>>> print(open('input08.cif').read())   # mmCIF, C-alpha atoms
data_input
#
loop_
_atom_site.label_atom_id
_atom_site.label_comp_id
_atom_site.auth_asym_id
_atom_site.auth_seq_id
_atom_site.Cartn_x
_atom_site.Cartn_y
_atom_site.Cartn_z
CA MET E 1 0.00 0.00 0.00
CA ASN E 2 2.85 2.40 0.69
CA LYS E 3 3.73 2.44 -2.99
CA ASN E 4 0.61 4.57 -3.32
CA VAL E 5 1.12 8.32 -3.15
CA ALA E 6 -1.83 9.76 -1.24
CA THR E 7 -3.38 13.21 -1.21
CA PHE E 8 -5.24 14.24 1.96
CA ASP E 9 -7.29 17.39 2.63
CA LEU E 10 -7.80 19.09 6.00
CA VAL E 11 -11.29 20.63 6.04
CA VAL E 12 -13.74 22.12 8.57
CA ARG E 13 -17.09 20.40 8.19
CA SER E 14 -19.35 23.06 9.77
CA MET E 15 -19.07 26.64 10.98
CA PRO E 16 -18.98 27.03 14.77
CA ARG E 17 -21.82 28.90 16.42
CA ASN E 18 -21.80 32.71 16.01
CA ARG E 19 -18.97 32.70 13.45
CA ASN E 20 -19.31 34.47 10.10
CA PHE E 21 -15.80 33.43 9.10
CA LEU E 22 -12.73 31.63 10.42
CA LEU E 23 -9.07 32.66 10.42
CA MET E 24 -6.48 30.04 9.52
CA GLY E 25 -4.33 29.24 12.51
CA GLY E 26 -1.39 26.91 13.02
CA THR E 27 0.31 27.04 9.62
CA GLU E 28 3.69 27.84 11.14
CA GLU E 29 3.37 25.10 13.77
CA ILE E 30 2.27 22.56 11.16
CA VAL E 31 5.13 23.31 8.76
CA LYS E 32 7.84 23.35 11.44
CA GLU E 33 6.67 20.19 13.15
CA ILE E 34 6.32 18.20 9.93
CA LEU E 35 9.81 19.19 8.81
CA ASN E 36 11.18 17.97 12.15
CA TRP E 37 8.91 14.93 12.56
CA ARG E 38 10.89 12.11 14.17
CA TYR E 39 10.34 9.05 16.38
CA THR E 40 12.62 8.54 19.40
CA LYS E 41 14.21 5.26 20.42
CA SER E 42 12.11 5.11 23.58
CA GLU E 43 8.88 5.68 21.62
CA ILE E 44 9.73 2.93 19.13
CA LYS E 45 10.79 0.58 21.93
CA TYR E 46 7.48 1.17 23.72
CA LEU E 47 5.49 0.37 20.55
CA LEU E 48 7.50 -2.82 19.99
CA ARG E 49 7.22 -3.96 23.59
CA ASN E 50 3.44 -3.62 23.46
CA LYS E 51 3.26 -5.37 20.08
CA ILE E 52 1.68 -2.36 18.41
CA ILE E 53 4.22 -2.40 15.55
CA THR E 54 6.41 -5.00 13.85
CA PRO E 55 10.24 -4.94 13.84
CA ASN E 56 10.05 -4.05 10.16
CA PHE E 57 7.85 -1.06 10.87
CA ALA E 58 10.15 -0.05 13.72
CA LYS E 59 13.01 0.26 11.20
CA TYR E 60 10.79 2.45 9.06
CA LEU E 61 10.04 4.76 12.01
CA GLN E 62 13.73 4.97 12.98
CA GLY E 63 14.56 6.61 9.68
CA PHE E 64 11.34 8.55 9.26
CA ARG E 65 11.52 11.82 7.37
CA PHE E 66 8.66 13.56 5.64
CA THR E 67 9.31 13.38 1.89
CA GLY E 68 6.05 14.75 0.52
CA ASP E 69 4.47 18.05 -0.48
CA LEU E 70 2.42 20.38 1.71
CA TYR E 71 0.13 23.17 0.56
CA ALA E 72 -1.64 25.34 3.14
CA LEU E 73 -3.48 28.59 3.61
CA PRO E 74 -1.08 31.24 4.95
CA GLU E 75 -1.70 31.86 8.63
CA GLY E 76 -4.36 34.55 9.12
CA THR E 77 -6.26 33.71 5.91
CA VAL E 78 -10.06 34.04 6.04
CA PHE E 79 -11.80 30.78 5.18
CA PHE E 80 -15.13 28.96 5.51
CA ARG E 81 -16.61 25.49 5.98
CA GLY E 82 -15.96 22.87 3.33
CA GLU E 83 -12.77 24.52 2.07
CA PRO E 84 -9.42 22.69 2.02
CA VAL E 85 -7.02 24.51 4.37
CA VAL E 86 -4.11 22.05 4.21
CA ARG E 87 -3.33 19.61 1.40
CA ILE E 88 -0.69 16.93 1.82
CA THR E 89 0.63 14.67 -0.94
CA ALA E 90 3.04 11.98 0.25
CA PRO E 91 3.49 8.21 0.42
CA LEU E 92 0.33 6.87 2.02
CA MET E 93 2.00 5.83 5.27
CA GLU E 94 3.69 9.21 5.76
CA ALA E 95 0.54 11.19 5.10
CA ASN E 96 -1.52 9.00 7.42
CA LEU E 97 0.93 9.22 10.34
CA LEU E 98 0.28 12.97 10.54
CA THR E 99 -3.49 12.69 11.05
CA MET E 100 -3.80 13.39 14.78
CA PHE E 101 -1.14 16.09 14.85
CA LEU E 102 -2.64 18.03 11.93
CA ASN E 103 -6.10 18.03 13.47
CA ASN E 104 -4.75 19.17 16.83
CA ALA E 105 -2.40 21.92 15.64
CA PHE E 106 -4.93 23.36 13.21
CA THR E 107 -7.97 23.12 15.49
CA SER E 108 -6.47 24.71 18.60
CA ASN E 109 -4.82 27.62 16.80
CA THR E 110 -7.85 28.31 14.60
CA ILE E 111 -10.30 28.30 17.52
CA PHE E 112 -8.15 30.84 19.38
CA LEU E 113 -7.52 33.04 16.35
CA SER E 114 -11.15 33.04 15.21
CA LYS E 115 -12.32 33.99 18.72
CA ALA E 116 -9.65 36.61 19.41
CA VAL E 117 -10.33 38.48 16.18
CA ARG E 118 -13.97 38.93 17.20
CA GLY E 119 -12.84 40.73 20.34
CA VAL E 120 -10.51 42.97 18.35
CA ILE E 121 -13.30 43.79 15.88
CA ALA E 122 -15.69 44.59 18.74
CA ALA E 123 -13.11 46.86 20.42
CA LYS E 124 -12.76 48.97 17.23
CA ASP E 125 -10.07 51.61 17.82
CA LYS E 126 -9.68 50.78 21.52
CA LYS E 127 -6.88 48.57 22.81
CA PHE E 128 -7.70 44.89 23.20
CA LEU E 129 -5.62 43.17 25.89
CA ALA E 130 -5.61 39.51 26.90
CA GLN E 131 -4.42 38.00 30.16
CA ALA E 132 -3.25 35.02 28.14
CA SER E 133 -1.86 32.95 30.99
CA LEU E 134 -4.77 33.36 33.39
CA ARG E 135 -7.52 30.70 33.50
CA ALA E 136 -6.39 28.92 30.36
CA GLN E 137 -6.88 25.16 30.17
CA SER E 138 -3.12 24.61 29.91
CA HIS E 139 0.17 26.43 29.47
CA GLU E 140 0.17 25.51 25.78
CA SER E 141 -3.32 26.93 25.23
CA ALA E 142 -2.30 30.12 27.06
CA PHE E 143 0.70 30.53 24.77
CA LYS E 144 -1.33 29.87 21.65
CA PHE E 145 -4.10 32.25 22.69
CA GLY E 146 -1.61 35.03 23.44
CA ARG E 147 -0.08 34.52 20.00
CA ALA E 148 -3.54 34.54 18.41
CA VAL E 149 -4.44 37.81 20.15
CA TYR E 150 -1.33 39.48 18.76
CA ILE E 151 -1.98 38.21 15.22
CA SER E 152 -5.58 39.46 15.49
CA GLY E 153 -4.42 42.97 16.31
CA GLY E 154 -4.48 42.92 20.12
CA TYR E 155 -1.82 42.59 22.80
CA GLY E 156 -1.00 40.17 25.58
CA ALA E 157 -1.25 41.97 28.89
CA ASN E 158 1.17 39.57 30.57
CA THR E 159 3.50 38.53 27.77
CA ILE E 160 6.61 38.01 29.85
CA PRO E 161 9.94 37.67 28.00
CA SER E 162 10.04 33.85 28.14
CA PHE E 163 6.58 33.68 26.61
CA CYS E 164 7.54 36.16 23.90
CA ARG E 165 10.74 34.30 23.12
CA LYS E 166 8.96 30.95 22.77
CA TYR E 167 6.45 32.25 20.22
CA ASN E 168 8.54 35.03 18.61
CA LEU E 169 6.26 37.69 20.05
CA PRO E 170 7.54 41.27 20.23
CA PHE E 171 7.75 42.26 23.89
CA VAL E 172 5.18 45.04 24.29
CA LEU E 173 4.73 46.42 27.80
CA ALA E 174 1.00 47.05 27.76
CA SER E 175 0.95 48.18 31.40
CA LEU E 176 2.16 47.42 34.89
CA LYS E 177 -0.82 46.78 37.10
CA ALA E 178 -1.18 47.19 40.85
CA TYR E 179 -3.66 44.36 41.21
CA HIS E 180 -5.73 43.45 44.26
CA ALA E 181 -3.06 41.38 46.05
CA VAL E 182 -0.67 44.35 45.93
CA ILE E 183 -3.33 46.71 47.28
CA LYS E 184 -4.27 44.31 50.09
CA SER E 185 -0.63 43.79 51.10
CA PHE E 186 -0.41 47.32 52.55
CA PRO E 187 -2.16 48.70 55.64
CA THR E 188 -4.26 51.04 53.49
CA GLU E 189 -5.21 51.36 49.84
CA ILE E 190 -3.64 54.78 49.38
CA GLU E 191 -0.32 53.62 50.87
CA ALA E 192 -0.21 50.76 48.36
CA MET E 193 -1.02 53.08 45.45
CA ARG E 194 1.58 55.64 46.53
CA LYS E 195 4.38 53.13 46.90
CA ILE E 196 3.78 51.23 43.69
CA ALA E 197 3.30 54.42 41.65
CA GLU E 198 6.54 55.86 43.04
CA LEU E 199 8.41 52.73 42.03
CA PHE E 200 7.09 52.88 38.45
CA PRO E 201 6.31 56.51 37.57
CA ASP E 202 4.31 57.05 34.36
CA MET E 203 3.92 53.27 33.97
CA MET E 204 1.60 52.05 36.70
CA ASP E 205 -2.05 51.15 36.30
CA LEU E 206 -3.98 51.10 39.58
CA MET E 207 -6.92 48.79 40.28
CA VAL E 208 -9.49 50.94 42.05
CA ASP E 209 -12.17 48.52 43.24
CA THR E 210 -10.37 46.36 45.80
CA TYR E 211 -12.46 47.82 48.63
CA ASP E 212 -14.80 50.67 47.70
CA PHE E 213 -14.93 51.86 44.09
CA GLU E 214 -15.50 55.59 44.63
CA LYS E 215 -12.94 55.77 47.43
CA GLY E 216 -10.50 53.85 45.24
CA ILE E 217 -10.94 56.37 42.41
CA ARG E 218 -10.38 59.29 44.77
CA ASN E 219 -7.26 57.66 46.24
CA ALA E 220 -5.89 57.09 42.73
CA ILE E 221 -6.57 60.75 41.90
CA ILE E 222 -4.73 61.89 45.04
CA VAL E 223 -1.69 59.77 44.12
CA ALA E 224 -1.76 60.91 40.47
CA THR E 225 -2.03 64.57 41.50
CA GLU E 226 0.91 64.20 43.88
CA LEU E 227 2.99 62.63 41.13
CA LYS E 228 1.94 65.30 38.64
CA LYS E 229 3.52 67.95 40.84
CA LYS E 230 6.80 66.04 40.46
CA GLY E 231 6.40 65.84 36.69
CA ASN E 232 5.14 62.25 36.72
CA SER E 233 1.77 60.54 36.77
CA ILE E 234 0.07 57.17 36.68
CA LYS E 235 -0.62 55.32 33.42
CA GLY E 236 -4.23 54.49 34.17
CA ILE E 237 -6.82 52.83 36.35
CA THR E 238 -8.55 49.46 36.02
CA ILE E 239 -12.13 48.60 36.89
CA ASP E 240 -12.99 44.91 37.03
CA SER E 241 -16.31 44.76 38.86
CA GLY E 242 -19.79 46.23 38.97
CA ASN E 243 -21.59 48.09 36.18
CA LEU E 244 -18.67 48.86 33.90
CA TYR E 245 -20.55 51.50 31.92
CA LYS E 246 -21.65 53.52 34.95
CA ARG E 247 -18.33 53.12 36.70
CA SER E 248 -16.27 54.13 33.66
CA VAL E 249 -18.46 57.25 33.19
CA LYS E 250 -18.05 58.14 36.86
CA ALA E 251 -14.29 57.55 36.79
CA ARG E 252 -13.78 59.62 33.62
CA LYS E 253 -15.74 62.52 35.09
CA LEU E 254 -13.70 62.52 38.30
CA LEU E 255 -10.38 62.12 36.49
CA ASP E 256 -11.12 64.94 34.04
CA ARG E 257 -12.31 67.20 36.83
CA ALA E 258 -8.92 66.66 38.52
CA GLY E 259 -7.08 67.53 35.28
CA LEU E 260 -6.03 63.93 34.66
CA ASN E 261 -7.32 63.68 31.11
CA ASP E 262 -4.40 61.48 30.03
CA VAL E 263 -5.07 58.79 32.62
CA GLU E 264 -6.53 55.81 30.76
CA ILE E 265 -9.41 53.59 31.85
CA THR E 266 -9.15 49.83 31.49
CA VAL E 267 -12.08 47.51 32.18
CA ALA E 268 -12.16 43.76 32.77
CA SER E 269 -14.69 41.44 34.50
CA ASN E 270 -15.45 38.42 32.25
CA LEU E 271 -15.65 40.44 29.06
CA ASP E 272 -16.45 38.93 25.70
CA GLU E 273 -17.02 40.46 22.25
CA TRP E 274 -20.72 41.11 22.89
CA LYS E 275 -20.12 42.94 26.19
CA ILE E 276 -17.38 45.03 24.57
CA ALA E 277 -19.66 45.94 21.66
CA ASP E 278 -22.48 46.91 24.04
CA LEU E 279 -20.20 49.18 26.07
CA LEU E 280 -18.97 50.98 22.95
CA ASP E 281 -22.53 51.27 21.62
CA LYS E 282 -23.26 53.28 24.78
CA ASN E 283 -20.13 55.41 24.18
CA ALA E 284 -18.53 54.26 27.42
CA PRO E 285 -15.32 56.28 27.97
CA ILE E 286 -13.07 53.22 27.99
CA ASP E 287 -9.55 53.10 26.52
CA LYS E 288 -8.66 49.42 26.99
CA PHE E 289 -10.56 46.17 27.24
CA MET E 290 -8.93 43.32 29.12
CA VAL E 291 -10.28 39.82 28.43
CA ILE E 292 -9.65 36.61 30.29
CA THR E 293 -11.95 33.63 30.89
CA GLU E 294 -14.70 34.05 28.31
CA MET E 295 -12.33 34.68 25.43
CA ILE E 296 -9.49 32.27 26.11
CA SER E 297 -11.92 29.37 26.60
CA SER E 298 -13.96 30.43 23.55
CA CYS E 299 -17.05 29.82 25.67
CA ASP E 300 -19.65 30.21 22.94
CA ALA E 301 -17.87 27.92 20.43
CA PRO E 302 -15.09 25.87 22.07
CA SER E 303 -14.97 23.15 19.41
CA LEU E 304 -14.16 22.89 15.71
CA GLU E 305 -14.99 19.85 13.60
CA ALA E 306 -11.90 19.48 11.44
CA VAL E 307 -11.39 16.35 9.35
CA TYR E 308 -8.40 15.00 7.44
CA LYS E 309 -9.67 12.99 4.50
CA LEU E 310 -8.09 10.92 1.75
CA ALA E 311 -8.88 12.52 -1.63
CA GLU E 312 -6.66 10.68 -4.10
CA LEU E 313 -4.34 7.69 -4.52
CA GLN E 314 -1.71 7.44 -7.22
CA ASN E 315 0.27 4.31 -8.09
CA GLY E 316 2.60 5.02 -10.97
CA ASN E 317 0.47 6.53 -13.73
CA ILE E 318 -2.77 5.28 -12.24
CA ILE E 319 -4.75 7.95 -10.35
CA ILE E 320 -7.74 6.89 -8.26
CA PRO E 321 -9.99 9.66 -6.83
CA ARG E 322 -11.30 8.94 -3.33
CA ALA E 323 -14.41 10.41 -1.72
CA LYS E 324 -16.50 9.84 1.39
CA LEU E 325 -20.18 9.53 0.48
CA THR E 326 -21.81 9.30 3.93
CA PRO E 327 -24.65 11.88 4.15
CA GLY E 328 -23.61 14.77 6.38
CA LYS E 329 -19.96 13.72 6.24
CA ILE E 330 -19.19 13.96 2.54
CA SER E 331 -15.61 14.61 1.41
CA TYR E 332 -14.77 15.49 -2.19
CA PRO E 333 -12.21 13.65 -4.33
CA GLY E 334 -9.19 14.84 -6.26
CA LYS E 335 -6.24 17.15 -5.80
CA LYS E 336 -7.98 20.44 -5.03
CA GLN E 337 -7.26 24.14 -4.86
CA LEU E 338 -9.25 26.91 -3.18
CA PHE E 339 -9.94 29.92 -5.40
CA ARG E 340 -11.19 33.36 -4.31
CA VAL E 341 -13.10 35.77 -6.52
CA TYR E 342 -13.02 39.51 -5.73
CA ASN E 343 -15.23 42.45 -6.66
CA ASN E 344 -13.76 45.94 -6.16
CA GLY E 345 -11.25 44.62 -3.66
CA ARG E 346 -13.84 42.74 -1.59
CA MET E 347 -14.31 39.00 -1.37
CA GLN E 348 -17.26 37.98 -3.53
CA MET E 349 -17.17 34.17 -3.46
CA ASP E 350 -14.90 31.14 -3.03
CA ILE E 351 -14.69 28.17 -5.38
CA VAL E 352 -13.32 24.77 -4.43
CA GLY E 353 -11.99 23.29 -7.66
CA LEU E 354 -9.35 20.95 -9.01
CA GLU E 355 -5.72 22.00 -8.88
CA VAL E 356 -5.49 22.17 -12.70
CA GLU E 357 -8.32 24.74 -12.92
CA SER E 358 -8.02 28.52 -12.96
CA LEU E 359 -11.09 30.00 -11.27
CA GLY E 360 -9.76 32.99 -9.33
CA THR E 361 -6.93 33.75 -6.91
CA PRO E 362 -5.48 30.43 -5.62
CA LEU E 363 -5.23 30.49 -1.83
CA LEU E 364 -3.40 27.25 -0.98
CA LYS E 365 0.32 28.00 -1.08
CA ARG E 366 3.14 25.49 -1.53
CA MET E 367 5.14 25.33 1.71
CA ILE E 368 7.00 22.00 1.48
CA GLU E 369 8.12 20.18 -1.66
CA LYS E 370 9.65 16.70 -1.52
CA GLY E 371 10.26 17.15 2.19
CA ASN E 372 12.03 20.52 1.88
CA LEU E 373 10.85 23.98 2.90
CA VAL E 374 10.31 26.01 -0.28
CA SER E 375 8.50 29.05 1.15
CA ASP E 376 9.94 31.25 3.88
CA LEU E 377 7.72 31.40 6.95
CA PRO E 378 6.58 34.96 7.71
CA THR E 379 7.41 36.75 10.94
CA LEU E 380 4.66 37.27 13.49
CA ASP E 381 4.32 40.92 12.51
CA GLU E 382 3.97 39.90 8.86
CA ILE E 383 1.23 37.45 9.83
CA ARG E 384 -0.47 40.19 11.86
CA ASN E 385 -0.38 42.61 8.91
CA TYR E 386 -1.63 39.91 6.55
CA ALA E 387 -4.56 39.12 8.85
CA GLN E 388 -5.54 42.81 8.87
CA GLU E 389 -5.43 42.82 5.06
CA GLN E 390 -7.70 39.79 5.02
CA LEU E 391 -10.23 41.50 7.30
CA ALA E 392 -10.20 44.57 5.04
CA GLU E 393 -11.24 42.34 2.12
CA LEU E 394 -14.23 40.84 3.94
CA PRO E 395 -17.75 41.95 2.96
CA THR E 396 -18.77 44.40 5.69
CA ARG E 397 -21.69 42.25 6.86
CA LEU E 398 -19.31 39.42 7.82
CA LEU E 399 -17.63 41.70 10.37
CA SER E 400 -20.82 41.74 12.41
CA ILE E 401 -20.44 40.46 15.96
CA LYS E 402 -24.13 40.14 16.75
CA LYS E 403 -25.61 38.70 13.53
CA CYS E 404 -24.72 35.68 11.40
CA TYR E 405 -24.47 35.94 7.62
CA SER E 406 -23.58 33.42 4.95
CA TYR E 407 -20.81 33.65 2.35
CA ARG E 408 -20.95 32.03 -1.07
CA VAL E 409 -18.77 28.93 -1.44
CA GLU E 410 -19.22 26.76 -4.53
CA LYS E 411 -17.74 23.59 -6.00
CA SER E 412 -16.46 23.80 -9.57
CA SER E 413 -18.25 21.91 -12.32
CA LYS E 414 -15.20 19.66 -12.87
CA LEU E 415 -15.08 18.78 -9.18
CA LYS E 416 -18.81 17.99 -9.19
CA LEU E 417 -18.30 15.76 -12.24
CA LEU E 418 -15.48 13.89 -10.50
CA MET E 419 -17.71 13.43 -7.45
CA ARG E 420 -20.48 11.99 -9.60
CA SER E 421 -18.07 9.43 -11.05
CA CYS E 422 -17.08 8.37 -7.52
CA ARG E 423 -20.73 8.01 -6.55
CA ALA E 424 -21.42 5.90 -9.63
CA LYS E 425 -18.47 3.64 -8.90
CA HIS E 426 -19.53 2.92 -5.32
CA LYS E 427 -23.28 2.75 -5.85
#
>>> encode(input="input08.cif", output="structure tokens")
Amino acid sequence: MNKNVATFDLVVRSMPRNRNFLLMGGTEEIVKEILNWRYTKSEIKYLLRNKIITPNFAKYLQGFRFTGDLYALPEGTVFFRGEPVVRITAPLMEANLLTMFLNNAFTSNTIFLSKAVRGVIAAKDKKFLAQASLRAQSHESAFKFGRAVYISGGYGANTIPSFCRKYNLPFVLASLKAYHAVIKSFPTEIEAMRKIAELFPDMMDLMVDTYDFEKGIRNAIIVATELKKKGNSIKGITIDSGNLYKRSVKARKLLDRAGLNDVEITVASNLDEWKIADLLDKNAPIDKFMVITEMISSCDAPSLEAVYKLAELQNGNIIIPRAKLTPGKISYPGKKQLFRVYNNGRMQMDIVGLEVESLGTPLLKRMIEKGNLVSDLPTLDEIRNYAQEQLAELPTRLLSIKKCYSYRVEKSSKLKLLMRSCRAKHK
């Protein structure tokens, strides 16, 4: 069977709830991991000891290197259900060994990226911050979510240097925050605010609702006014409880009255894209939105049904298209390409067709050829800029946070014809 060269497609079967579009995540992880895919001696020994593999297969795994081709959507590309996002052509065994990894790397990164971008869209011109490492399901998910937030146009509010180094994130100091534990460590709230603001002049953000909100605001104003006389100030205040609209209005009024117009207001408290949009619809005087639990866990749509399906087998000059015909779980045959059609710079429709067709702008890009990297991986800032370009090409209705709209995705006539031949063969 391994003499057969197989082509597999990675596809999302259905759109998650509340999503008008998805953003491709994980391309960099997929490419890097496949290029370095190896099996250790201890892993092979374990498989042999438990009689999961044969000695012959163990030799194969010892020398494993990916020798095939990989096409993928560049990270940050807008896509929709039923569209191939990764296409792998390799000896059947090689392509099949990657099944679990591809589903995992793609699914996790795409869930995070497609959720984070909704928060950035909702925040409009305000800063979108994510406490990436707080309340995540794991360290890995925290890292991936922080990376996704940056690609989407936001910032990680606690992207410490080790985190930035691991995922090539630029180290951006969003703020230094005197959070509740700091405030409660001192005999009084104002003593805590004074000390921490003196240590970090012009950088510190003070949480003002540890005890009493209005008193906390007034204490922050006293400290900021004292610093202002020395030529310094505080960076901002943070509100993470109560009615965020009313409290932000109250805080802005008191800050402005004290001549502290430059002091920024950050709000938190289980924010998601809908709460952010509602606050801005009311013209809440908020400068930064900090998200944690609701966003990092993608509460409204925490799953993504991605499938990795065999589409073609080739043995010498013989090519055999492969399709899945189960109702509700259909997969299309053939070596495919995803084409995008534009109208005045905006996305008009997508067409899933055969690789040999020319139906618009081809979106799947060749990343690996015969086991070698043939396309330089972009930097994180390049991915971020590309994602913003993709959003600018979306039909305006698809940017809606509160309503769901459809986008036109069609199969080409040649692909439909190939599918009919597969149906006839297996009838």
>>> residues_around(input="input08.cif", residues="segment 111-119 of chain E", least_positions_apart="6", cutoff="10 Å", atoms="only C-alpha atoms", output="VMD selection string")
chain E and resid 16 18 to 26 75 to 76 78 128 to 130 141 to 142 144 to 154 271 to 277 289 to 291 294 to 304 387 to 388 391 399 to 401
>>> residues_around(input="input08.cif", residues="Tyr60 of chain E", least_positions_apart="6", cutoff="12 Å", atoms="only C-alpha atoms", output="list in words")
Asn2, Arg38, Tyr39, Ile44, Ile53, Thr54, Phe66, Met93 and Glu94 of chain E
>>> residues_around(input="input08.cif", residues="Ala95 of chain E", least_positions_apart="2", cutoff="9 Å", atoms="all atoms listed in the file", output="PDB file with C-alpha atoms, in the coordinates of the input")
ATOM      1  CA  VAL E   5       1.120   8.320  -3.150  1.00  0.00           C
ATOM      2  CA  ALA E   6      -1.830   9.760  -1.240  1.00  0.00           C
ATOM      3  CA  THR E   7      -3.380  13.210  -1.210  1.00  0.00           C
ATOM      4  CA  PHE E   8      -5.240  14.240   1.960  1.00  0.00           C
ATOM      5  CA  PHE E  66       8.660  13.560   5.640  1.00  0.00           C
ATOM      6  CA  GLY E  68       6.050  14.750   0.520  1.00  0.00           C
ATOM      7  CA  ILE E  88      -0.690  16.930   1.820  1.00  0.00           C
ATOM      8  CA  THR E  89       0.630  14.670  -0.940  1.00  0.00           C
ATOM      9  CA  ALA E  90       3.040  11.980   0.250  1.00  0.00           C
ATOM     10  CA  PRO E  91       3.490   8.210   0.420  1.00  0.00           C
ATOM     11  CA  LEU E  92       0.330   6.870   2.020  1.00  0.00           C
ATOM     12  CA  MET E  93       2.000   5.830   5.270  1.00  0.00           C
ATOM     13  CA  LEU E  97       0.930   9.220  10.340  1.00  0.00           C
ATOM     14  CA  LEU E  98       0.280  12.970  10.540  1.00  0.00           C
ATOM     15  CA  THR E  99      -3.490  12.690  11.050  1.00  0.00           C
TER      16      THR E  99
END
>>> resolve_selection(input="input08.cif", expression="the PyMOL selection byres ((chain E and resi 250) around 12)", output="list in words")
Phe213, Glu214, Lys215, Ile217, Arg218, Ile239, Asn243, Leu244, Tyr245, Lys246, Arg247, Ser248, Val249, Ala251, Arg252, Lys253, Leu254, Leu255, Asp256, Arg257, Ile265, Ala284, Pro285 and Ile286 of chain E
>>> atom_distance(input="input08.cif", atom1="atom CA of Ser138 of chain E", atom2="atom CA of Arg384 of chain E")
24.0 Å
>>> closest_residue(input="input08.cif", among="E:Thr225, E:Ser358, E:Thr40, E:Ser14", to="Val341 of chain E", atoms="only C-alpha atoms")
E:Ser358
>>> closest_residue(input="input08.cif", among="E:Met100, E:Cys422, E:Ala258, E:Ile34", to="Ile330 of chain E", atoms="all atoms listed in the file")
E:Cys422
>>> resolve_selection(input="input08.cif", expression="the PyMOL selection byres ((chain E and resi 177-184) around 8)", output="number ranges by chain")
E: 175-176, 185-189, 192-193, 196, 204-207, 210
>>> resolve_selection(input="input08.cif", expression="the PyMOL selection byres ((chain E and resi 29) around 10)", output="list of chain:residue names")
E:Gly25, E:Gly26, E:Thr27, E:Glu28, E:Ile30, E:Val31, E:Lys32, E:Glu33, E:Ile34, E:Glu75, E:Leu102, E:Ala105, E:Phe106, E:Asn109
>>> closest_residue(input="input08.cif", among="E:Ser413, E:Lys51, E:Ser233, E:Tyr155", to="Val120 of chain E", atoms="only C-alpha atoms")
E:Tyr155
>>> closest_residue(input="input08.cif", among="E:Gln137, E:Thr77, E:Gln337, E:Asn96", to="Thr110 of chain E", atoms="only C-alpha atoms")
E:Thr77
>>> atom_distance(input="input08.cif", atom1="atom CA of Asp125 of chain E", atom2="atom CA of Asp287 of chain E")
8.8 Å
>>> atom_distance(input="input08.cif", atom1="atom CA of Val85 of chain E", atom2="atom CA of Leu310 of chain E")
13.9 Å
